[in-house]
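Dropping my_file08.cif in here (mmCIF, C-alpha atoms):
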```cif
data_run
#
loop_
_atom_site.label_atom_id
_atom_site.label_comp_id
_atom_site.auth_asym_id
_atom_site.auth_seq_id
_atom_site.Cartn_x
_atom_site.Cartn_y
_atom_site.Cartn_z
CA MET J 10 64.31 132.92 92.27
CA ASN J 11 63.72 134.83 89.04
CA ASN J 12 61.88 133.00 86.33
CA VAL J 13 63.08 133.38 82.76
CA THR J 14 59.96 133.86 80.69
CA THR J 15 60.67 135.01 77.11
CA ALA J 16 63.62 134.59 74.75
CA PRO J 17 66.32 133.95 77.33
CA LYS J 18 69.91 134.73 76.42
CA VAL J 19 71.65 131.36 76.63
CA LEU J 20 75.41 131.00 76.84
CA VAL J 21 77.11 127.67 76.27
CA ILE J 22 80.32 127.40 78.29
CA VAL J 23 82.83 124.86 76.98
CA PRO J 24 85.74 124.25 79.35
CA ALA J 25 88.59 122.72 77.36
CA PHE J 26 91.97 121.30 78.21
CA ASN J 27 93.97 119.84 75.31
CA GLU J 28 90.85 119.22 73.22
CA GLU J 29 92.18 120.22 69.78
CA LYS J 30 90.88 116.96 68.28
CA ASN J 31 87.42 117.00 69.87
CA LEU J 32 86.68 120.71 69.84
CA PRO J 33 86.17 121.46 66.12
CA ALA J 34 83.32 118.94 65.72
CA LEU J 35 81.65 120.12 68.93
CA LEU J 36 81.90 123.81 68.04
CA ASP J 37 80.72 123.13 64.50
CA ARG J 38 77.63 121.43 65.91
CA LEU J 39 76.99 124.25 68.38
CA LEU J 40 77.36 126.96 65.74
CA LYS J 41 75.02 125.11 63.38
CA LEU J 42 72.46 125.19 66.19
CA ASN J 43 73.01 128.99 66.44
CA ARG J 44 74.24 128.78 70.01
CA THR J 45 76.23 131.55 71.67
CA VAL J 46 79.39 129.82 72.80
CA VAL J 47 82.46 130.68 74.83
CA VAL J 48 85.42 128.32 75.12
CA VAL J 49 87.44 128.44 78.33
CA ASN J 50 90.92 127.24 77.53
CA ASP J 51 92.45 125.87 80.72
CA CYS J 52 96.05 126.54 79.71
CA SER J 53 96.15 123.79 77.08
CA GLY J 54 99.46 122.75 75.62
CA ASP J 55 97.98 122.08 72.19
CA SER J 56 96.16 124.23 69.65
CA THR J 57 92.80 124.30 71.47
CA VAL J 58 92.76 128.12 71.39
CA ASP J 59 93.55 128.30 67.67
CA CYS J 60 90.81 125.75 66.91
CA ALA J 61 88.21 127.87 68.68
CA ARG J 62 89.41 131.19 67.28
CA ALA J 63 89.54 129.81 63.76
CA MET J 64 85.84 129.09 64.08
CA GLY J 65 85.10 132.60 65.35
CA VAL J 66 84.28 131.47 68.88
CA PRO J 67 85.32 133.76 71.75
CA VAL J 68 87.99 132.24 73.97
CA LEU J 69 88.71 132.88 77.63
CA ASP J 70 92.37 131.93 77.61
CA LEU J 71 93.49 131.12 81.16
CA PRO J 72 97.24 131.76 81.57
CA ALA J 73 97.50 129.11 84.30
CA ASN J 74 95.76 125.75 84.65
CA LEU J 75 92.92 126.10 87.16
CA GLY J 76 91.23 122.74 86.64
CA ILE J 77 87.67 122.18 85.45
CA GLY J 78 86.13 124.08 88.38
CA GLY J 79 88.18 127.23 87.86
CA ALA J 80 87.55 127.10 84.11
CA VAL J 81 83.79 126.74 84.49
CA GLN J 82 83.67 129.53 87.07
CA THR J 83 85.43 131.81 84.56
CA GLY J 84 82.61 131.01 82.15
CA PHE J 85 80.05 131.95 84.81
CA LYS J 86 81.83 135.27 85.34
CA TYR J 87 81.69 135.87 81.59
CA ALA J 88 77.96 135.06 81.60
CA VAL J 89 77.36 137.55 84.41
CA ALA J 90 79.42 140.29 82.74
CA ASN J 91 77.57 139.84 79.43
CA ASN J 92 74.05 139.66 80.92
CA PHE J 93 73.08 136.13 79.98
CA ASP J 94 69.96 134.56 81.47
CA ILE J 95 71.03 130.93 81.33
CA ALA J 96 74.48 129.35 81.37
CA VAL J 97 74.89 125.84 80.00
CA GLN J 98 78.07 123.98 80.78
CA ILE J 99 79.11 121.20 78.41
CA ASP J 100 82.38 119.29 78.27
CA GLY J 101 84.91 120.03 75.55
CA ASP J 102 85.52 116.34 74.86
CA GLY J 103 82.45 116.07 72.65
CA GLN J 104 80.59 113.58 74.85
CA HIS J 105 77.66 115.94 75.29
CA ASP J 106 75.41 116.25 72.28
CA PRO J 107 74.41 119.93 71.89
CA ALA J 108 71.07 118.77 70.50
CA TRP J 109 70.04 118.11 74.13
CA ILE J 110 70.57 121.71 75.24
CA ASP J 111 66.93 122.69 74.62
CA THR J 112 65.76 119.72 76.68
CA VAL J 113 68.12 120.55 79.56
CA ILE J 114 67.24 124.26 79.74
CA LEU J 115 63.47 123.72 79.44
CA PRO J 116 62.83 123.33 83.21
CA LEU J 117 64.78 126.56 83.75
CA ILE J 118 62.75 128.46 81.17
CA GLN J 119 59.58 127.15 82.78
CA GLY J 120 60.87 128.43 86.12
CA LYS J 121 60.62 125.01 87.71
CA VAL J 122 64.27 124.74 88.75
CA ASP J 123 67.46 126.78 89.10
CA CYS J 124 69.84 124.05 87.98
CA ALA J 125 69.19 121.23 85.52
CA ILE J 126 71.59 118.32 85.12
CA GLY J 127 71.77 116.33 81.92
CA SER J 128 71.72 112.81 83.30
CA ARG J 129 72.46 109.38 81.87
CA TYR J 130 71.02 107.50 84.80
CA VAL J 131 67.52 108.81 85.47
CA PRO J 132 65.71 105.58 86.43
CA ASP J 133 62.72 106.28 84.17
CA ALA J 134 64.85 106.91 81.08
CA PRO J 135 68.42 105.68 81.48
CA ASP J 136 70.92 105.98 78.63
CA ARG J 137 71.42 102.27 77.96
CA ASP J 138 73.81 102.89 75.06
CA TYR J 139 76.38 104.70 77.21
CA ARG J 140 78.94 102.40 78.84
CA THR J 141 80.25 103.83 82.11
CA PRO J 142 83.59 102.40 83.31
CA LEU J 143 83.22 100.35 86.51
CA ALA J 144 85.53 102.56 88.60
CA ARG J 145 83.60 105.67 87.66
CA ARG J 146 80.29 103.94 88.33
CA ILE J 147 81.42 103.00 91.86
CA GLY J 148 82.64 106.56 92.53
CA MET J 149 79.38 107.99 91.29
CA ARG J 150 77.20 105.61 93.32
CA PHE J 151 79.16 106.68 96.36
CA SER J 152 78.75 110.40 95.70
CA THR J 153 75.04 109.88 94.99
CA ALA J 154 74.67 108.13 98.35
CA ILE J 155 76.62 110.72 100.33
CA LEU J 156 74.79 113.61 98.63
CA GLU J 157 71.48 111.99 99.53
CA PHE J 158 72.71 111.42 103.09
CA ALA J 159 73.76 115.08 103.42
CA THR J 160 70.78 116.71 101.72
CA GLY J 161 68.03 114.17 101.11
CA LEU J 162 68.42 114.97 97.41
CA ARG J 163 68.84 111.97 95.08
CA ILE J 164 70.94 112.83 92.02
CA HIS J 165 71.88 109.79 89.95
CA ASP J 166 74.50 111.44 87.71
CA THR J 167 76.55 113.55 90.10
CA THR J 168 79.58 113.69 87.81
CA SER J 169 77.70 114.90 84.73
CA GLY J 170 79.32 118.01 83.28
CA PHE J 171 76.20 118.82 81.26
CA ARG J 172 74.48 121.39 83.46
CA ALA J 173 72.33 124.44 82.99
CA LEU J 174 71.88 127.21 85.52
CA ASN J 175 69.65 130.25 85.63
CA ARG J 176 71.05 133.68 86.39
CA PRO J 177 70.73 133.65 90.19
CA ALA J 178 72.48 130.28 90.32
CA PHE J 179 75.40 131.11 88.02
CA GLU J 180 75.70 134.58 89.55
CA PHE J 181 76.13 132.85 92.91
CA PHE J 182 78.69 130.44 91.43
CA SER J 183 80.60 133.30 89.80
CA GLN J 184 81.34 134.48 93.35
CA SER J 185 81.74 131.17 95.11
CA TYR J 186 82.34 127.86 93.38
CA PRO J 187 83.92 124.68 94.78
CA VAL J 188 86.71 124.67 92.22
CA ASP J 189 88.75 121.74 93.50
CA HIS J 190 86.27 118.89 92.92
CA PRO J 191 83.19 120.65 91.66
CA GLU J 192 80.93 117.81 90.46
CA ALA J 193 79.07 116.71 93.58
CA GLU J 194 80.18 119.59 95.79
CA ALA J 195 78.53 122.17 93.55
CA LEU J 196 75.21 120.36 93.99
CA LEU J 197 75.59 120.34 97.76
CA VAL J 198 76.37 124.08 97.77
CA LEU J 199 73.38 124.86 95.54
CA HIS J 200 71.04 122.80 97.68
CA ARG J 201 72.26 124.43 100.89
CA LYS J 202 71.66 127.86 99.37
CA GLY J 203 68.07 126.94 98.51
CA PHE J 204 68.45 126.53 94.74
CA ARG J 205 66.26 123.88 93.12
CA ILE J 206 67.98 121.06 91.24
CA GLN J 207 66.53 118.55 88.80
CA GLU J 208 67.92 115.82 86.59
CA VAL J 209 66.88 115.75 82.95
CA PRO J 210 67.35 112.47 81.05
CA ILE J 211 69.71 112.76 78.08
CA LYS J 212 71.92 110.50 76.00
CA MET J 213 75.65 110.96 75.80
CA LEU J 214 78.14 110.17 73.08
CA GLY J 215 81.39 108.25 73.46
CA ARG J 216 84.65 110.19 73.62
CA MET J 217 86.17 110.43 70.12
CA HIS J 218 89.77 111.29 71.05
CA GLY J 219 91.91 111.31 74.19
CA SER J 220 91.17 109.81 77.56
CA SER J 221 88.94 110.90 80.44
CA LEU J 222 90.49 112.69 83.42
CA PHE J 223 88.43 110.35 85.57
CA ASN J 224 90.97 107.50 85.52
CA LEU J 225 91.38 104.55 87.90
CA THR J 226 93.47 106.46 90.47
CA ARG J 227 91.05 109.38 90.53
CA SER J 228 88.12 106.99 90.81
CA ALA J 229 89.74 105.25 93.77
CA LEU J 230 90.35 108.55 95.56
CA TYR J 231 87.02 110.04 94.55
CA PRO J 232 85.00 108.88 97.60
CA LEU J 233 87.60 110.35 99.96
CA ARG J 234 87.63 113.64 98.05
CA VAL J 235 83.85 113.84 98.12
CA ILE J 236 83.81 113.31 101.89
CA VAL J 237 86.55 115.92 102.46
CA GLY J 238 84.80 118.38 100.14
CA PHE J 239 81.41 117.89 101.80
CA VAL J 240 82.83 118.29 105.30
CA GLY J 241 84.66 121.43 104.15
CA ILE J 242 81.48 122.94 102.69
CA ILE J 243 79.39 122.09 105.74
CA PHE J 244 81.94 123.66 108.12
CA ALA J 245 82.60 126.65 105.85
CA GLY J 246 78.86 127.29 105.61
CA LYS J 247 78.73 128.16 109.29
CA THR J 248 81.48 130.74 109.15
CA LYS J 249 80.73 132.47 105.84
CA MET K 22 131.47 115.50 129.07
CA SER K 23 132.39 115.27 125.38
CA SER K 24 129.77 112.57 124.79
CA HIS K 25 127.13 115.15 125.91
CA ILE K 26 128.52 117.98 123.77
CA SER K 27 128.85 116.04 120.52
CA PRO K 28 125.11 115.58 119.89
CA ALA K 29 124.59 119.27 120.62
CA ILE K 30 127.26 120.25 118.09
CA PHE K 31 125.81 117.81 115.59
CA GLY K 32 122.31 119.22 116.17
CA PHE K 33 123.60 122.77 115.92
CA ALA K 34 125.36 121.98 112.65
CA LEU K 35 122.20 120.43 111.20
CA LEU K 36 120.11 123.39 112.30
CA PHE K 37 122.64 125.76 110.82
CA LEU K 38 122.39 123.96 107.49
CA VAL K 39 118.58 124.23 107.55
CA PHE K 40 118.88 127.88 108.56
CA ALA K 41 121.34 128.56 105.73
CA TYR K 42 119.01 126.81 103.27
CA THR K 43 116.05 128.93 104.48
CA ILE K 44 118.10 132.11 104.02
CA HIS K 45 119.14 130.90 100.57
CA LEU K 46 115.46 130.34 99.63
CA VAL K 47 114.59 133.85 100.81
CA ARG K 48 117.57 135.43 99.03
CA SER K 49 116.81 133.62 95.78
CA GLY K 50 113.21 134.79 95.96
CA ARG K 51 111.69 131.31 96.21
CA ILE K 52 110.14 132.08 99.60
CA SER K 53 108.73 135.41 100.69
CA ALA K 54 110.54 136.87 103.71
CA HIS K 55 107.14 137.42 105.33
CA LEU K 56 106.32 133.75 104.96
CA ALA K 57 109.74 132.60 106.16
CA VAL K 58 110.10 134.85 109.17
CA THR K 59 108.41 132.48 111.67
CA TRP K 60 110.49 129.56 110.39
CA ILE K 61 113.70 131.61 110.65
CA ALA K 62 112.79 132.67 114.19
CA THR K 63 112.16 129.02 115.12
CA GLU K 64 115.48 127.90 113.65
CA LEU K 65 117.36 130.69 115.47
CA LEU K 66 115.68 129.79 118.76
CA LEU K 67 116.56 126.13 118.34
CA MET K 68 120.16 127.03 117.44
CA LEU K 69 120.38 129.17 120.57
CA VAL K 70 119.11 126.31 122.72
CA MET K 71 121.53 123.90 121.02
CA GLY K 72 124.49 126.29 121.15
CA ILE K 73 124.27 127.60 124.71
CA SER K 74 124.72 124.94 127.38
CA SER K 75 123.04 127.02 130.10
CA LEU K 76 119.91 127.24 127.96
CA ARG K 77 120.01 123.47 127.46
CA SER K 78 120.30 123.02 131.23
CA PHE K 79 117.46 125.45 131.79
CA THR K 80 115.27 123.54 129.31
CA ARG K 81 116.11 120.29 131.06
CA THR K 82 115.25 121.81 134.44
CA VAL K 83 111.92 123.12 133.18
CA LEU K 84 110.89 119.87 131.48
CA GLY K 85 112.43 117.47 134.00
CA ASP K 86 115.30 115.05 133.42
CA GLU K 87 113.31 111.95 132.54
CA GLY K 88 110.61 113.39 130.32
CA ALA K 89 112.73 116.07 128.65
CA PRO K 90 113.35 114.32 125.30
CA TYR K 91 109.70 113.34 124.88
CA SER K 92 108.41 116.73 125.96
CA LEU K 93 110.83 118.45 123.58
CA ILE K 94 109.78 116.24 120.69
CA LEU K 95 106.09 116.86 121.45
CA LEU K 96 106.58 120.61 121.71
CA GLY K 97 108.67 120.60 118.54
CA VAL K 98 106.07 118.64 116.61
CA LEU K 99 103.24 120.88 117.84
CA TRP K 100 105.17 123.99 116.86
CA VAL K 101 105.97 122.59 113.41
CA ILE K 102 102.26 121.74 112.94
CA PHE K 103 101.35 125.29 113.90
CA LEU K 104 103.89 126.70 111.43
CA MET K 105 102.65 124.42 108.69
CA LEU K 106 99.03 125.40 109.32
CA GLU K 107 100.01 129.05 109.18
CA SER K 108 101.85 128.45 105.89
CA LEU K 109 98.91 126.47 104.49
CA SER K 110 96.47 129.23 105.35
CA ARG K 111 98.68 131.74 103.56
CA ILE K 112 99.05 129.41 100.57
CA SER K 113 95.26 128.92 100.42
CA LEU K 114 94.70 132.66 100.54
CA LEU K 115 97.23 133.23 97.78
CA THR K 116 95.78 130.38 95.69
CA GLY K 117 92.38 132.09 95.85
CA LYS K 118 93.89 135.41 94.83
CA LEU K 119 95.86 133.79 92.01
CA LYS K 120 92.70 132.07 90.73
CA SER K 121 90.81 135.37 90.69
CA LEU K 122 93.66 137.11 88.89
CA THR K 123 93.96 134.33 86.32
CA GLN K 124 90.23 134.45 85.61
CA GLU K 125 90.20 138.25 85.45
CA HIS K 126 93.14 138.18 83.05
CA ALA K 127 91.31 135.79 80.72
CA LEU K 128 88.10 137.86 80.85
CA LEU K 129 89.89 141.15 80.16
CA LYS K 130 91.96 139.62 77.37
CA GLU K 131 88.81 138.42 75.64
CA ARG K 132 87.27 141.87 76.06
CA VAL K 133 90.31 143.56 74.54
CA GLU K 134 90.31 141.10 71.64
CA ARG K 135 86.61 141.78 71.03
CA MET K 136 87.18 145.55 71.08
CA GLU K 137 90.11 145.22 68.68
CA ARG K 138 88.01 143.09 66.33
CA SER K 139 85.15 145.58 66.33
CA ARG K 140 87.55 148.47 65.80
CA SER K 141 89.20 146.74 62.85
CA GLN K 142 85.77 146.14 61.33
CA GLU K 143 84.87 149.85 61.45
CA PRO K 144 84.95 151.38 57.93
CA ASN K 145 87.54 154.10 58.69
CA ALA K 146 89.81 151.90 60.75
#
```
Using structure tokens, write down the structure from this file.
Amino acid sequence: MNNVTTAPKVLVIVPAFNEEKNLPALLDRLLKLNRTVVVVNDCSGDSTVDCARAMGVPVLDLPANLGIGGAVQTGFKYAVANNFDIAVQIDGDGQHDPAWIDTVILPLIQGKVDCAIGSRYVPDAPDRDYRTPLARRIGMRFSTAILEFATGLRIHDTTSGFRALNRPAFEFFSQSYPVDHPEAEALLVLHRKGFRIQEVPIKMLGRMHGSSLFNLTRSALYPLRVIVGFVGIIFAGKTK
Amino acid sequence: MSSHISPAIFGFALLFLVFAYTIHLVRSGRISAHLAVTWIATELLLMLVMGISSLRSFTRTVLGDEGAPYSLILLGVLWVIFLMLESLSRISLLTGKLKSLTQEHALLKERVERMERSRSQEPNA
């Protein structure tokens, strides 16, 4: 894998779906930190696009809702087309503090890994202030266990949307990304392709407005989806 | 005799309704003719079997008197599964294409907007 040595071009990808209330504060914070940002509007029904444009942030305005995976992959394609070295994905709901970006991309700049995950649950430095709903916690424990079973890789925060990838990794994802349920599946795909993954301890903020897409029903179905997704990837890997 | 014909007529009528609905979906553009053609062929074949008594007799002879209903149901279910798998594979293919187009549209739109902005910022614009 290529190591990024000096002054990497970093793109922050913000997938957003109906985030008109959360987006302005997040973008304001990112712009104050002089970050290059692109918002991927996943066919929102509110004024998400106007919020971003009003702040001078480029918007990739999807005409149909593709879900978080399709939105993030669009960001990766944008990063490839505009020759970025590192792509950082952070959620549009404002739960990810942009101040942690430097910490998350550091292992990539040092050439130690290809994908860094901002994690709340690293055993050495867990985020004790962040309260994870029980249903989500159960779903995550399950996906951690099944990912470890399938790869031997132990990732504690498989659903974290705070991720950084170097160019080979996001170039690969721009071509092939598990768009349906990307959280844990993307890690499995990366591992199978030989990319190096590492968790970086961070702290997350509480959601200011709106509710998480990871509700009780989704949490209940999450283990099944993870199994189906993993089986699909493992079988597809042999034919592709 | 009539007690044997009535279910056939009933079945034929039901199949005809499904056939008419399929044609309606194709005519109204809600299903592509290419996607519907195997379903239409299946419905026509079933209507033929239902409508022509010699074909029904032939089917019964081939499958045997006792096991005919079960064999027919099994064959029907297997064929429907095959058709559904074929449809799903086409839908999956089209979903992938639609995703690529949607993403490409968003990327090109942003590029056009950026070019327009830079053009409007030129001094002689």
Under the rule of at most 12 Å, produce a per-residue listing of chain K near chain J: chain, number, name, the closest pair of atoms, and the distance in Å, as CSV, using all atoms listed in the file.
```
residue,atom,partner,partner_atom,distance
K:Ser113,CA,J:Asp189,CA,11.9
K:Thr116,CA,J:Leu75,CA,10.0
K:Gly117,CA,J:Val188,CA,10.0
K:Leu119,CA,J:Ala73,CA,9.2
K:Lys120,CA,J:Leu75,CA,7.0
K:Ser121,CA,J:Thr83,CA,8.9
K:Leu122,CA,J:Pro72,CA,9.7
K:Thr123,CA,J:Leu71,CA,6.1
K:Gln124,CA,J:Thr83,CA,5.6
K:Glu125,CA,J:Thr83,CA,8.1
K:His126,CA,J:Leu71,CA,7.3
K:Ala127,CA,J:Leu69,CA,5.0
K:Leu128,CA,J:Leu69,CA,6.0
K:Leu129,CA,J:Leu69,CA,8.7
K:Lys130,CA,J:Leu69,CA,7.5
K:Glu131,CA,J:Leu69,CA,5.9
K:Arg132,CA,J:Leu69,CA,9.2
K:Val133,CA,J:Leu69,CA,11.2
K:Glu134,CA,J:Pro67,CA,8.9
K:Arg135,CA,J:Pro67,CA,8.2
K:Met136,CA,J:Pro67,CA,12.0
K:Arg138,CA,J:Gly65,CA,10.9
```
Residue members of the PyMOL selection byres ((chain K and resi 68) around 12) in the file shown, as a list in words
Ala29, Ile30, Phe31, Gly32, Phe33, Ala34, Leu35, Leu36, Phe37, Leu38, Val39, Phe40, Ala41, Ile61, Ala62, Thr63, Glu64, Leu65, Leu66, Leu67, Leu69, Val70, Met71, Gly72, Ile73, Ser74, Leu76 and Arg77 of chain K
Contacts of Arg205 of chain J at 12 Å (only C-alpha atoms; same-chain gap of 3+ positions) as a list in words
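The contact residues come out as Met10, Asn11, Pro116, Leu117, Gly120, Lys121, Val122, Asp123, Cys124, Ala125, Ile126, Leu162, Ala173, Leu174, Asn175, Pro177, Ala178, Leu196, Leu197, Val198, Leu199, His200, Arg201, Lys202 and Glu208 of chain J.
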So which residues touch Glu194 of chain J within 10 Å, counting only C-alpha atoms, skipping near sequence neighbours fewer than 2 positions away, as a count of residues only?
25
Centre, x/y/z edge lengths, axis-aligned box for segment 113-130 of chain K with 8 Å per side, as lines of an AutoDock Vina configuration file:
```
center_x = 92.7
center_y = 135.0
center_z = 89.0
size_x = 25.1
size_y = 28.2
size_z = 39.2
```
Separating atom CA of Phe93 of chain J from atom CA of Arg44 of chain J, to the nearest tenth of an Å, is a gap of 12.4 Å
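Taking atom CA of Ala63 of chain J and atom CA of Pro33 of chain J as endpoints, the distance between them is 9.3 Å.
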For segment 78-92 of chain K, supply N, CA and C atoms and report the output as a PDB file, in the coordinates of the input.
```
ATOM      1  N   SER K  78     120.516 123.413 129.823  1.00  0.00           N
ATOM      2  CA  SER K  78     120.300 123.020 131.230  1.00  0.00           C
ATOM      3  C   SER K  78     118.976 123.569 131.738  1.00  0.00           C
ATOM      4  N   PHE K  79     118.701 124.810 131.367  1.00  0.00           N
ATOM      5  CA  PHE K  79     117.460 125.450 131.790  1.00  0.00           C
ATOM      6  C   PHE K  79     116.246 124.667 131.235  1.00  0.00           C
ATOM      7  N   THR K  80     116.350 124.300 129.948  1.00  0.00           N
ATOM      8  CA  THR K  80     115.270 123.540 129.310  1.00  0.00           C
ATOM      9  C   THR K  80     115.067 122.216 130.037  1.00  0.00           C
ATOM     10  N   ARG K  81     116.200 121.580 130.373  1.00  0.00           N
ATOM     11  CA  ARG K  81     116.110 120.290 131.060  1.00  0.00           C
ATOM     12  C   ARG K  81     115.477 120.455 132.443  1.00  0.00           C
ATOM     13  N   THR K  82     115.820 121.554 133.113  1.00  0.00           N
ATOM     14  CA  THR K  82     115.250 121.810 134.440  1.00  0.00           C
ATOM     15  C   THR K  82     113.736 122.020 134.356  1.00  0.00           C
ATOM     16  N   VAL K  83     113.354 122.814 133.337  1.00  0.00           N
ATOM     17  CA  VAL K  83     111.920 123.120 133.180  1.00  0.00           C
ATOM     18  C   VAL K  83     111.129 121.856 132.869  1.00  0.00           C
ATOM     19  N   LEU K  84     111.650 121.029 131.959  1.00  0.00           N
ATOM     20  CA  LEU K  84     110.890 119.870 131.480  1.00  0.00           C
ATOM     21  C   LEU K  84     111.100 118.631 132.351  1.00  0.00           C
ATOM     22  N   GLY K  85     112.133 118.644 133.166  1.00  0.00           N
ATOM     23  CA  GLY K  85     112.430 117.470 134.000  1.00  0.00           C
ATOM     24  C   GLY K  85     113.388 116.546 133.267  1.00  0.00           C
ATOM     25  N   ASP K  86     114.252 115.878 134.029  1.00  0.00           N
ATOM     26  CA  ASP K  86     115.300 115.050 133.420  1.00  0.00           C
ATOM     27  C   ASP K  86     114.763 113.879 132.614  1.00  0.00           C
ATOM     28  N   GLU K  87     113.779 113.192 133.184  1.00  0.00           N
ATOM     29  CA  GLU K  87     113.310 111.950 132.540  1.00  0.00           C
ATOM     30  C   GLU K  87     112.459 112.212 131.304  1.00  0.00           C
ATOM     31  N   GLY K  88     111.552 113.174 131.426  1.00  0.00           N
ATOM     32  CA  GLY K  88     110.610 113.390 130.320  1.00  0.00           C
ATOM     33  C   GLY K  88     111.089 114.406 129.295  1.00  0.00           C
ATOM     34  N   ALA K  89     112.284 114.971 129.514  1.00  0.00           N
ATOM     35  CA  ALA K  89     112.730 116.070 128.650  1.00  0.00           C
ATOM     36  C   ALA K  89     112.725 115.739 127.148  1.00  0.00           C
ATOM     37  N   PRO K  90     113.322 114.596 126.750  1.00  0.00           N
ATOM     38  CA  PRO K  90     113.350 114.320 125.300  1.00  0.00           C
ATOM     39  C   PRO K  90     111.955 114.229 124.697  1.00  0.00           C
ATOM     40  N   TYR K  91     111.059 113.526 125.418  1.00  0.00           N
ATOM     41  CA  TYR K  91     109.700 113.340 124.880  1.00  0.00           C
ATOM     42  C   TYR K  91     108.945 114.662 124.829  1.00  0.00           C
ATOM     43  N   SER K  92     109.094 115.433 125.912  1.00  0.00           N
ATOM     44  CA  SER K  92     108.410 116.730 125.960  1.00  0.00           C
ATOM     45  C   SER K  92     108.917 117.633 124.839  1.00  0.00           C
TER      46      SER K  92
END
```
